[in-house]
Amino acid sequence: MSARVPRVLTVAGVDSGGAAGVAADLKAFARCGAHGMAAVVALTAQNTVGVHGIHEVPPDFVRAQIDAVLDDIGADAAKTGMLFSAELIEAVAEALAPRHLPLVVDPVMIASSGSRLLLPDAVGTLIGRLFPLATVVTPNLPEAQALTAMVTEDRAALAERLVAMGAPAALVTGGHGAEPVDHLFDGSRHMTIPVARYGVAATHGAGCTHSAALAAGLGAGLPLAEAARQAAVIAGDAVEHGLSWLGAGEGPVHVLHEHRAMTAPATTGRPRDERQLQR
């Protein structure tokens, strides 16, 4: 028998540029050896420069996607990313609440290009409906500051405030601000995780990759602290090997850089046998 493969569900938006959202999550799940599944909440017309349009999926169909996957395949963990509106958040919360899955809530609010991915009137719904369901919430520094209304780079204070707002645990990631550390507070203990920063213009999808790797770790049965350390390493590695040459803006991270690219087979210059072409 083959080794058990963790099943991990992402509930997020589709980045048509392939850098963030569902695309980043599925690649990170694969990097962690997990079977990835997706429920799409929105389609974006997006590239490395910006988000040029957002099309919401009807909330009932989002619920149908989640139920279809979990009723048949099941999941060992889930994560949420861009959810955009209060109506979508309500549908996701209603679908996930009875499942009692380890859940990573990545409160995606602003794209790396600066485009808004969470409507202002949906922030309260995100906090009230999804924070209590989460195993951990994973905002970056600007998102943590916006959610808590605290103007500070003290990640410990921000994480404590997020827990006081209803999250069982909070991990404020270290890609922004002066100090390059992820800070985890699980409601009783603080833990700092040093992270590497690289001088490459390829961080598009880094937050999604981090939260997806964290969810995959939880799905594999890792304790939260160990899953957080693993996620920091995987996200940092993806940035270090990012595709900075793709597009005119911030290039995508490359979490699967160790997989060799496909190349065309060498030819002798002679036409192949017709029967071989038909096989």
# chains A, B, ... in the order shown; residues from 1 in each chain; ligands from 1
$ closest_atom_pairs --of "region 37-67 of chain A" --to "region 240-262 of chain A" --cutoff "8 Å" --atoms "only C-alpha atoms" --output "JSON lines"
{"residue": "A:Asn47", "atom": "CA", "partner": "A:Gly247", "partner_atom": "CA", "distance": 7.5}
{"residue": "A:Thr48", "atom": "CA", "partner": "A:Gly249", "partner_atom": "CA", "distance": 4.6}
{"residue": "A:Val49", "atom": "CA", "partner": "A:Gly249", "partner_atom": "CA", "distance": 4.6}
$ residues_around --residues "Leu43 (chain A)" --least-positions-apart "4" --cutoff "8 Å" --atoms "only C-alpha atoms" --output "VMD selection string"
chain A and resid 13 to 16 54 to 57
$ residues_around --residues "Ala23 (chain A)" --least-positions-apart "3" --cutoff "10 Å" --atoms "only C-alpha atoms" --output "list in words"
Thr10, Ala12, Gly13, Val14, Asp15, Ser16, Gly17, Gly18, Ala19, Ala20, Leu26, Lys27, Ala28, Ala38, Gly205, Cys208 and Thr209 of chain A
$ select_by_dssp --residues "region 59-266 of chain A" --states "alpha helix (DSSP H)" --output "PDB file with N, CA and C atoms, in the first residue's frame"
ATOM      1  N   PRO A  59     -22.770  32.493  -4.121  1.00  0.00           N
ATOM      2  CA  PRO A  59     -22.512  31.816  -2.854  1.00  0.00           C
ATOM      3  C   PRO A  59     -23.058  30.389  -2.789  1.00  0.00           C
ATOM      4  N   ASP A  60     -24.230  30.154  -3.366  1.00  0.00           N
ATOM      5  CA  ASP A  60     -24.784  28.802  -3.336  1.00  0.00           C
ATOM      6  C   ASP A  60     -23.879  27.812  -4.067  1.00  0.00           C
ATOM      7  N   PHE A  61     -23.239  28.273  -5.147  1.00  0.00           N
ATOM      8  CA  PHE A  61     -22.371  27.378  -5.892  1.00  0.00           C
ATOM      9  C   PHE A  61     -21.051  27.164  -5.159  1.00  0.00           C
ATOM     10  N   VAL A  62     -20.597  28.168  -4.426  1.00  0.00           N
ATOM     11  CA  VAL A  62     -19.414  27.977  -3.572  1.00  0.00           C
ATOM     12  C   VAL A  62     -19.702  26.896  -2.534  1.00  0.00           C
ATOM     13  N   ARG A  63     -20.870  26.983  -1.906  1.00  0.00           N
ATOM     14  CA  ARG A  63     -21.275  25.961  -0.933  1.00  0.00           C
ATOM     15  C   ARG A  63     -21.357  24.588  -1.606  1.00  0.00           C
ATOM     16  N   ALA A  64     -21.881  24.537  -2.821  1.00  0.00           N
ATOM     17  CA  ALA A  64     -21.995  23.264  -3.531  1.00  0.00           C
ATOM     18  C   ALA A  64     -20.624  22.652  -3.809  1.00  0.00           C
ATOM     19  N   GLN A  65     -19.643  23.497  -4.171  1.00  0.00           N
ATOM     20  CA  GLN A  65     -18.293  22.989  -4.408  1.00  0.00           C
ATOM     21  C   GLN A  65     -17.705  22.368  -3.142  1.00  0.00           C
ATOM     22  N   ILE A  66     -17.828  23.076  -2.035  1.00  0.00           N
ATOM     23  CA  ILE A  66     -17.269  22.581  -0.779  1.00  0.00           C
ATOM     24  C   ILE A  66     -17.935  21.279  -0.367  1.00  0.00           C
ATOM     25  N   ASP A  67     -19.264  21.249  -0.431  1.00  0.00           N
ATOM     26  CA  ASP A  67     -19.991  20.043  -0.030  1.00  0.00           C
ATOM     27  C   ASP A  67     -19.659  18.866  -0.937  1.00  0.00           C
ATOM     28  N   ALA A  68     -19.558  19.109  -2.247  1.00  0.00           N
ATOM     29  CA  ALA A  68     -19.267  18.021  -3.180  1.00  0.00           C
ATOM     30  C   ALA A  68     -17.922  17.377  -2.863  1.00  0.00           C
ATOM     31  N   VAL A  69     -16.930  18.188  -2.604  1.00  0.00           N
ATOM     32  CA  VAL A  69     -15.597  17.667  -2.305  1.00  0.00           C
ATOM     33  C   VAL A  69     -15.575  16.941  -0.962  1.00  0.00           C
ATOM     34  N   LEU A  70     -16.114  17.571   0.062  1.00  0.00           N
ATOM     35  CA  LEU A  70     -15.994  17.006   1.408  1.00  0.00           C
ATOM     36  C   LEU A  70     -16.914  15.809   1.614  1.00  0.00           C
ATOM     37  N   ASP A  71     -18.062  15.781   0.939  1.00  0.00           N
ATOM     38  CA  ASP A  71     -18.958  14.632   1.087  1.00  0.00           C
ATOM     39  C   ASP A  71     -18.379  13.368   0.461  1.00  0.00           C
ATOM     40  N   ASP A  72     -17.565  13.531  -0.560  1.00  0.00           N
ATOM     41  CA  ASP A  72     -16.998  12.367  -1.256  1.00  0.00           C
ATOM     42  C   ASP A  72     -15.558  12.094  -0.832  1.00  0.00           C
ATOM     43  N   ALA A  86     -19.060  39.717   2.045  1.00  0.00           N
ATOM     44  CA  ALA A  86     -19.701  39.158   3.237  1.00  0.00           C
ATOM     45  C   ALA A  86     -20.561  37.953   2.879  1.00  0.00           C
ATOM     46  N   GLU A  87     -21.236  38.000   1.741  1.00  0.00           N
ATOM     47  CA  GLU A  87     -22.105  36.891   1.332  1.00  0.00           C
ATOM     48  C   GLU A  87     -21.294  35.625   1.075  1.00  0.00           C
ATOM     49  N   LEU A  88     -20.135  35.761   0.460  1.00  0.00           N
ATOM     50  CA  LEU A  88     -19.287  34.606   0.215  1.00  0.00           C
ATOM     51  C   LEU A  88     -18.733  34.060   1.521  1.00  0.00           C
ATOM     52  N   ILE A  89     -18.347  34.942   2.419  1.00  0.00           N
ATOM     53  CA  ILE A  89     -17.818  34.498   3.713  1.00  0.00           C
ATOM     54  C   ILE A  89     -18.886  33.730   4.483  1.00  0.00           C
ATOM     55  N   GLU A  90     -20.119  34.203   4.463  1.00  0.00           N
ATOM     56  CA  GLU A  90     -21.205  33.497   5.152  1.00  0.00           C
ATOM     57  C   GLU A  90     -21.386  32.092   4.574  1.00  0.00           C
ATOM     58  N   ALA A  91     -21.353  31.978   3.254  1.00  0.00           N
ATOM     59  CA  ALA A  91     -21.528  30.668   2.621  1.00  0.00           C
ATOM     60  C   ALA A  91     -20.400  29.723   3.001  1.00  0.00           C
ATOM     61  N   VAL A  92     -19.171  30.231   3.015  1.00  0.00           N
ATOM     62  CA  VAL A  92     -18.016  29.405   3.370  1.00  0.00           C
ATOM     63  C   VAL A  92     -18.092  28.976   4.827  1.00  0.00           C
ATOM     64  N   ALA A  93     -18.452  29.892   5.702  1.00  0.00           N
ATOM     65  CA  ALA A  93     -18.551  29.557   7.123  1.00  0.00           C
ATOM     66  C   ALA A  93     -19.627  28.506   7.376  1.00  0.00           C
ATOM     67  N   GLU A  94     -20.754  28.648   6.714  1.00  0.00           N
ATOM     68  CA  GLU A  94     -21.833  27.676   6.895  1.00  0.00           C
ATOM     69  C   GLU A  94     -21.416  26.289   6.405  1.00  0.00           C
ATOM     70  N   ALA A  95     -20.630  26.251   5.331  1.00  0.00           N
ATOM     71  CA  ALA A  95     -20.192  24.965   4.791  1.00  0.00           C
ATOM     72  C   ALA A  95     -19.127  24.308   5.666  1.00  0.00           C
ATOM     73  N   LEU A  96     -18.221  25.106   6.227  1.00  0.00           N
ATOM     74  CA  LEU A  96     -17.099  24.542   6.971  1.00  0.00           C
ATOM     75  C   LEU A  96     -17.402  24.289   8.453  1.00  0.00           C
ATOM     76  N   VAL A 123     -15.180  42.882   6.300  1.00  0.00           N
ATOM     77  CA  VAL A 123     -14.147  42.629   7.310  1.00  0.00           C
ATOM     78  C   VAL A 123     -14.766  42.118   8.602  1.00  0.00           C
ATOM     79  N   GLY A 124     -15.847  42.734   9.040  1.00  0.00           N
ATOM     80  CA  GLY A 124     -16.500  42.300  10.268  1.00  0.00           C
ATOM     81  C   GLY A 124     -17.043  40.888  10.165  1.00  0.00           C
ATOM     82  N   THR A 125     -17.541  40.526   8.990  1.00  0.00           N
ATOM     83  CA  THR A 125     -18.047  39.166   8.787  1.00  0.00           C
ATOM     84  C   THR A 125     -16.914  38.157   8.827  1.00  0.00           C
ATOM     85  N   LEU A 141       1.811  41.723   7.961  1.00  0.00           N
ATOM     86  CA  LEU A 141       1.828  42.860   8.885  1.00  0.00           C
ATOM     87  C   LEU A 141       0.785  43.920   8.538  1.00  0.00           C
ATOM     88  N   PRO A 142       0.674  44.386   7.290  1.00  0.00           N
ATOM     89  CA  PRO A 142      -0.365  45.386   6.996  1.00  0.00           C
ATOM     90  C   PRO A 142      -1.778  44.863   7.258  1.00  0.00           C
ATOM     91  N   GLU A 143      -2.034  43.590   6.970  1.00  0.00           N
ATOM     92  CA  GLU A 143      -3.364  43.031   7.233  1.00  0.00           C
ATOM     93  C   GLU A 143      -3.638  42.957   8.731  1.00  0.00           C
ATOM     94  N   ALA A 144      -2.647  42.560   9.512  1.00  0.00           N
ATOM     95  CA  ALA A 144      -2.823  42.504  10.963  1.00  0.00           C
ATOM     96  C   ALA A 144      -3.098  43.891  11.531  1.00  0.00           C
ATOM     97  N   GLN A 145      -2.390  44.887  11.018  1.00  0.00           N
ATOM     98  CA  GLN A 145      -2.620  46.256  11.471  1.00  0.00           C
ATOM     99  C   GLN A 145      -4.023  46.727  11.101  1.00  0.00           C
ATOM    100  N   ALA A 146      -4.478  46.404   9.905  1.00  0.00           N
ATOM    101  CA  ALA A 146      -5.812  46.817   9.467  1.00  0.00           C
ATOM    102  C   ALA A 146      -6.901  46.116  10.272  1.00  0.00           C
ATOM    103  N   LEU A 147      -6.734  44.834  10.526  1.00  0.00           N
ATOM    104  CA  LEU A 147      -7.741  44.065  11.257  1.00  0.00           C
ATOM    105  C   LEU A 147      -7.869  44.518  12.707  1.00  0.00           C
ATOM    106  N   THR A 148      -6.746  44.872  13.315  1.00  0.00           N
ATOM    107  CA  THR A 148      -6.750  45.239  14.741  1.00  0.00           C
ATOM    108  C   THR A 148      -6.864  46.734  14.977  1.00  0.00           C
ATOM    109  N   ARG A 155       4.672  42.459  16.396  1.00  0.00           N
ATOM    110  CA  ARG A 155       3.873  41.316  15.972  1.00  0.00           C
ATOM    111  C   ARG A 155       3.281  40.545  17.147  1.00  0.00           C
ATOM    112  N   ALA A 156       3.974  40.524  18.256  1.00  0.00           N
ATOM    113  CA  ALA A 156       3.439  39.843  19.438  1.00  0.00           C
ATOM    114  C   ALA A 156       2.151  40.515  19.903  1.00  0.00           C
ATOM    115  N   ALA A 157       2.158  41.833  19.944  1.00  0.00           N
ATOM    116  CA  ALA A 157       0.960  42.573  20.364  1.00  0.00           C
ATOM    117  C   ALA A 157      -0.168  42.384  19.358  1.00  0.00           C
ATOM    118  N   LEU A 158       0.166  42.398  18.083  1.00  0.00           N
ATOM    119  CA  LEU A 158      -0.855  42.200  17.054  1.00  0.00           C
ATOM    120  C   LEU A 158      -1.452  40.797  17.144  1.00  0.00           C
ATOM    121  N   ALA A 159      -0.598  39.793  17.348  1.00  0.00           N
ATOM    122  CA  ALA A 159      -1.091  38.417  17.448  1.00  0.00           C
ATOM    123  C   ALA A 159      -1.983  38.249  18.675  1.00  0.00           C
ATOM    124  N   GLU A 160      -1.602  38.845  19.783  1.00  0.00           N
ATOM    125  CA  GLU A 160      -2.439  38.767  20.982  1.00  0.00           C
ATOM    126  C   GLU A 160      -3.803  39.402  20.740  1.00  0.00           C
ATOM    127  N   ARG A 161      -3.811  40.534  20.055  1.00  0.00           N
ATOM    128  CA  ARG A 161      -5.077  41.215  19.772  1.00  0.00           C
ATOM    129  C   ARG A 161      -5.947  40.368  18.853  1.00  0.00           C
ATOM    130  N   LEU A 162      -5.357  39.726  17.857  1.00  0.00           N
ATOM    131  CA  LEU A 162      -6.129  38.873  16.944  1.00  0.00           C
ATOM    132  C   LEU A 162      -6.754  37.698  17.694  1.00  0.00           C
ATOM    133  N   VAL A 163      -6.040  37.146  18.635  1.00  0.00           N
ATOM    134  CA  VAL A 163      -6.596  36.065  19.457  1.00  0.00           C
ATOM    135  C   VAL A 163      -7.731  36.603  20.330  1.00  0.00           C
ATOM    136  N   ALA A 164      -7.561  37.791  20.867  1.00  0.00           N
ATOM    137  CA  ALA A 164      -8.623  38.395  21.670  1.00  0.00           C
ATOM    138  C   ALA A 164      -9.869  38.675  20.834  1.00  0.00           C
ATOM    139  N   ALA A 206       3.430  34.752  -2.339  1.00  0.00           N
ATOM    140  CA  ALA A 206       4.178  34.264  -1.175  1.00  0.00           C
ATOM    141  C   ALA A 206       3.260  33.975   0.010  1.00  0.00           C
ATOM    142  N   GLY A 207       2.307  34.879   0.261  1.00  0.00           N
ATOM    143  CA  GLY A 207       1.402  34.667   1.396  1.00  0.00           C
ATOM    144  C   GLY A 207       0.507  33.468   1.199  1.00  0.00           C
ATOM    145  N   CYS A 208       0.009  33.286  -0.018  1.00  0.00           N
ATOM    146  CA  CYS A 208      -0.822  32.115  -0.311  1.00  0.00           C
ATOM    147  C   CYS A 208      -0.014  30.833  -0.150  1.00  0.00           C
ATOM    148  N   THR A 209       1.218  30.849  -0.651  1.00  0.00           N
ATOM    149  CA  THR A 209       2.091  29.678  -0.538  1.00  0.00           C
ATOM    150  C   THR A 209       2.343  29.339   0.919  1.00  0.00           C
ATOM    151  N   HIS A 210       2.583  30.357   1.737  1.00  0.00           N
ATOM    152  CA  HIS A 210       2.830  30.133   3.161  1.00  0.00           C
ATOM    153  C   HIS A 210       1.622  29.503   3.843  1.00  0.00           C
ATOM    154  N   SER A 211       0.449  30.089   3.657  1.00  0.00           N
ATOM    155  CA  SER A 211      -0.731  29.571   4.356  1.00  0.00           C
ATOM    156  C   SER A 211      -1.130  28.197   3.836  1.00  0.00           C
ATOM    157  N   ALA A 212      -0.902  27.933   2.545  1.00  0.00           N
ATOM    158  CA  ALA A 212      -1.201  26.615   1.992  1.00  0.00           C
ATOM    159  C   ALA A 212      -0.256  25.561   2.552  1.00  0.00           C
ATOM    160  N   ALA A 213       1.032  25.905   2.646  1.00  0.00           N
ATOM    161  CA  ALA A 213       1.993  24.970   3.230  1.00  0.00           C
ATOM    162  C   ALA A 213       1.675  24.704   4.704  1.00  0.00           C
ATOM    163  N   LEU A 214       1.217  25.727   5.400  1.00  0.00           N
ATOM    164  CA  LEU A 214       0.815  25.554   6.801  1.00  0.00           C
ATOM    165  C   LEU A 214      -0.377  24.610   6.907  1.00  0.00           C
ATOM    166  N   ALA A 215      -1.358  24.792   6.026  1.00  0.00           N
ATOM    167  CA  ALA A 215      -2.523  23.905   6.034  1.00  0.00           C
ATOM    168  C   ALA A 215      -2.119  22.471   5.699  1.00  0.00           C
ATOM    169  N   ALA A 216      -1.208  22.311   4.745  1.00  0.00           N
ATOM    170  CA  ALA A 216      -0.750  20.962   4.395  1.00  0.00           C
ATOM    171  C   ALA A 216      -0.038  20.308   5.567  1.00  0.00           C
ATOM    172  N   GLY A 217       0.723  21.078   6.314  1.00  0.00           N
ATOM    173  CA  GLY A 217       1.380  20.535   7.501  1.00  0.00           C
ATOM    174  C   GLY A 217       0.382  20.082   8.541  1.00  0.00           C
ATOM    175  N   LEU A 218      -0.656  20.894   8.774  1.00  0.00           N
ATOM    176  CA  LEU A 218      -1.692  20.497   9.725  1.00  0.00           C
ATOM    177  C   LEU A 218      -2.424  19.255   9.223  1.00  0.00           C
ATOM    178  N   GLY A 219      -2.654  19.192   7.916  1.00  0.00           N
ATOM    179  CA  GLY A 219      -3.325  18.032   7.338  1.00  0.00           C
ATOM    180  C   GLY A 219      -2.513  16.762   7.494  1.00  0.00           C
ATOM    181  N   LEU A 224       0.933  22.653  15.419  1.00  0.00           N
ATOM    182  CA  LEU A 224       0.878  23.969  14.808  1.00  0.00           C
ATOM    183  C   LEU A 224       2.254  24.614  14.699  1.00  0.00           C
ATOM    184  N   ALA A 225       3.053  24.575  15.757  1.00  0.00           N
ATOM    185  CA  ALA A 225       4.361  25.226  15.733  1.00  0.00           C
ATOM    186  C   ALA A 225       5.268  24.610  14.668  1.00  0.00           C
ATOM    187  N   GLU A 226       5.261  23.290  14.563  1.00  0.00           N
ATOM    188  CA  GLU A 226       6.101  22.628  13.563  1.00  0.00           C
ATOM    189  C   GLU A 226       5.605  22.924  12.148  1.00  0.00           C
ATOM    190  N   ALA A 227       4.293  22.927  11.960  1.00  0.00           N
ATOM    191  CA  ALA A 227       3.734  23.263  10.655  1.00  0.00           C
ATOM    192  C   ALA A 227       4.086  24.697  10.272  1.00  0.00           C
ATOM    193  N   ALA A 228       4.124  25.606  11.251  1.00  0.00           N
ATOM    194  CA  ALA A 228       4.475  27.001  10.991  1.00  0.00           C
ATOM    195  C   ALA A 228       5.938  27.128  10.575  1.00  0.00           C
ATOM    196  N   ARG A 229       6.809  26.387  11.220  1.00  0.00           N
ATOM    197  CA  ARG A 229       8.228  26.413  10.821  1.00  0.00           C
ATOM    198  C   ARG A 229       8.394  25.890   9.404  1.00  0.00           C
ATOM    199  N   GLN A 230       7.724  24.798   9.093  1.00  0.00           N
ATOM    200  CA  GLN A 230       7.814  24.222   7.759  1.00  0.00           C
ATOM    201  C   GLN A 230       7.295  25.199   6.710  1.00  0.00           C
ATOM    202  N   ALA A 231       6.198  25.870   7.001  1.00  0.00           N
ATOM    203  CA  ALA A 231       5.621  26.821   6.052  1.00  0.00           C
ATOM    204  C   ALA A 231       6.568  27.980   5.784  1.00  0.00           C
ATOM    205  N   ALA A 232       7.263  28.446   6.826  1.00  0.00           N
ATOM    206  CA  ALA A 232       8.207  29.547   6.650  1.00  0.00           C
ATOM    207  C   ALA A 232       9.345  29.152   5.717  1.00  0.00           C
ATOM    208  N   VAL A 233       9.836  27.939   5.865  1.00  0.00           N
ATOM    209  CA  VAL A 233      10.931  27.467   5.014  1.00  0.00           C
ATOM    210  C   VAL A 233      10.469  27.336   3.565  1.00  0.00           C
ATOM    211  N   ILE A 234       9.297  26.749   3.364  1.00  0.00           N
ATOM    212  CA  ILE A 234       8.794  26.523   2.010  1.00  0.00           C
ATOM    213  C   ILE A 234       8.491  27.840   1.309  1.00  0.00           C
ATOM    214  N   ALA A 235       7.861  28.772   2.008  1.00  0.00           N
ATOM    215  CA  ALA A 235       7.541  30.063   1.388  1.00  0.00           C
ATOM    216  C   ALA A 235       8.813  30.836   1.058  1.00  0.00           C
ATOM    217  N   GLY A 236       9.785  30.819   1.972  1.00  0.00           N
ATOM    218  CA  GLY A 236      11.045  31.513   1.711  1.00  0.00           C
ATOM    219  C   GLY A 236      11.785  30.931   0.521  1.00  0.00           C
ATOM    220  N   ASP A 237      11.784  29.616   0.427  1.00  0.00           N
ATOM    221  CA  ASP A 237      12.433  28.941  -0.695  1.00  0.00           C
ATOM    222  C   ASP A 237      11.741  29.298  -2.012  1.00  0.00           C
ATOM    223  N   ALA A 238      10.424  29.408  -1.984  1.00  0.00           N
ATOM    224  CA  ALA A 238       9.676  29.762  -3.187  1.00  0.00           C
ATOM    225  C   ALA A 238       9.995  31.181  -3.644  1.00  0.00           C
ATOM    226  N   VAL A 239      10.205  32.099  -2.699  1.00  0.00           N
ATOM    227  CA  VAL A 239      10.584  33.467  -3.051  1.00  0.00           C
ATOM    228  C   VAL A 239      12.011  33.499  -3.600  1.00  0.00           C
ATOM    229  N   GLU A 240      12.912  32.788  -2.945  1.00  0.00           N
ATOM    230  CA  GLU A 240      14.309  32.791  -3.381  1.00  0.00           C
ATOM    231  C   GLU A 240      14.446  32.348  -4.838  1.00  0.00           C
TER     232      GLU A 240
END
$ atom_distance --atom1 "CA of Ala45 (chain A)" --atom2 "CA of Ala122 (chain A)"
21.0 Å
$ select_by_dssp --residues "region 1-245 of chain A" --states "strand (DSSP E)" --output "VMD selection string"
chain A and resid 7 to 15 35 to 46 51 to 56 77 to 80 103 to 105 136 to 137 170 to 172 181 to 185 190 to 194
$ residues_around --residues "Ile110 (chain A)" --least-positions-apart "3" --cutoff "10 Å" --atoms "only C-alpha atoms" --output "mmCIF file with N, CA, C and O atoms, in the first residue's frame"
data_model
loop_
_atom_site.group_PDB
_atom_site.id
_atom_site.type_symbol
_atom_site.label_atom_id
_atom_site.label_comp_id
_atom_site.auth_asym_id
_atom_site.auth_seq_id
_atom_site.Cartn_x
_atom_site.Cartn_y
_atom_site.Cartn_z
ATOM 1 N N MET A 82 -8.558 34.630 -0.523
ATOM 2 C CA MET A 82 -9.440 35.720 -0.929
ATOM 3 C C MET A 82 -10.899 35.255 -0.867
ATOM 4 O O MET A 82 -11.272 34.261 -1.469
ATOM 5 N N PRO A 107 -6.360 35.985 5.888
ATOM 6 C CA PRO A 107 -7.289 37.097 5.640
ATOM 7 C C PRO A 107 -6.777 38.016 4.531
ATOM 8 O O PRO A 107 -6.304 39.124 4.773
ATOM 9 N N SER A 113 -0.188 44.008 -5.647
ATOM 10 C CA SER A 113 -0.239 45.161 -6.549
ATOM 11 C C SER A 113 -0.989 46.342 -5.947
ATOM 12 O O SER A 113 -0.998 47.429 -6.524
ATOM 13 N N GLY A 114 -1.657 46.121 -4.810
ATOM 14 C CA GLY A 114 -2.410 47.182 -4.159
ATOM 15 C C GLY A 114 -3.911 47.109 -4.362
ATOM 16 O O GLY A 114 -4.654 47.890 -3.761
ATOM 17 N N SER A 115 -4.384 46.176 -5.169
ATOM 18 C CA SER A 115 -5.824 46.058 -5.426
ATOM 19 C C SER A 115 -6.539 45.428 -4.235
ATOM 20 O O SER A 115 -6.022 44.517 -3.592
ATOM 21 N N ARG A 116 -7.759 45.910 -3.942
ATOM 22 C CA ARG A 116 -8.530 45.400 -2.810
ATOM 23 C C ARG A 116 -9.173 44.066 -3.159
ATOM 24 O O ARG A 116 -9.855 43.936 -4.175
ATOM 25 N N LEU A 117 -8.962 43.068 -2.296
ATOM 26 C CA LEU A 117 -9.510 41.729 -2.497
ATOM 27 C C LEU A 117 -10.531 41.344 -1.426
ATOM 28 O O LEU A 117 -11.061 40.236 -1.450
ATOM 29 N N LEU A 118 -10.799 42.252 -0.502
ATOM 30 C CA LEU A 118 -11.840 42.056 0.512
ATOM 31 C C LEU A 118 -12.581 43.372 0.663
ATOM 32 O O LEU A 118 -11.977 44.398 0.994
ATOM 33 N N LEU A 119 -13.884 43.354 0.410
ATOM 34 C CA LEU A 119 -14.664 44.580 0.502
ATOM 35 C C LEU A 119 -14.679 45.087 1.945
ATOM 36 O O LEU A 119 -14.710 44.288 2.889
ATOM 37 N N PRO A 142 0.674 44.386 7.290
ATOM 38 C CA PRO A 142 -0.365 45.386 6.996
ATOM 39 C C PRO A 142 -1.778 44.863 7.258
ATOM 40 O O PRO A 142 -2.638 45.616 7.725
ATOM 41 N N GLU A 143 -2.034 43.590 6.970
ATOM 42 C CA GLU A 143 -3.364 43.031 7.233
ATOM 43 C C GLU A 143 -3.638 42.957 8.731
ATOM 44 O O GLU A 143 -4.751 43.263 9.187
#
$ atom_distance --atom1 "CA of Ala178 (chain A)" --atom2 "CA of Leu83 (chain A)"
28.7 Å
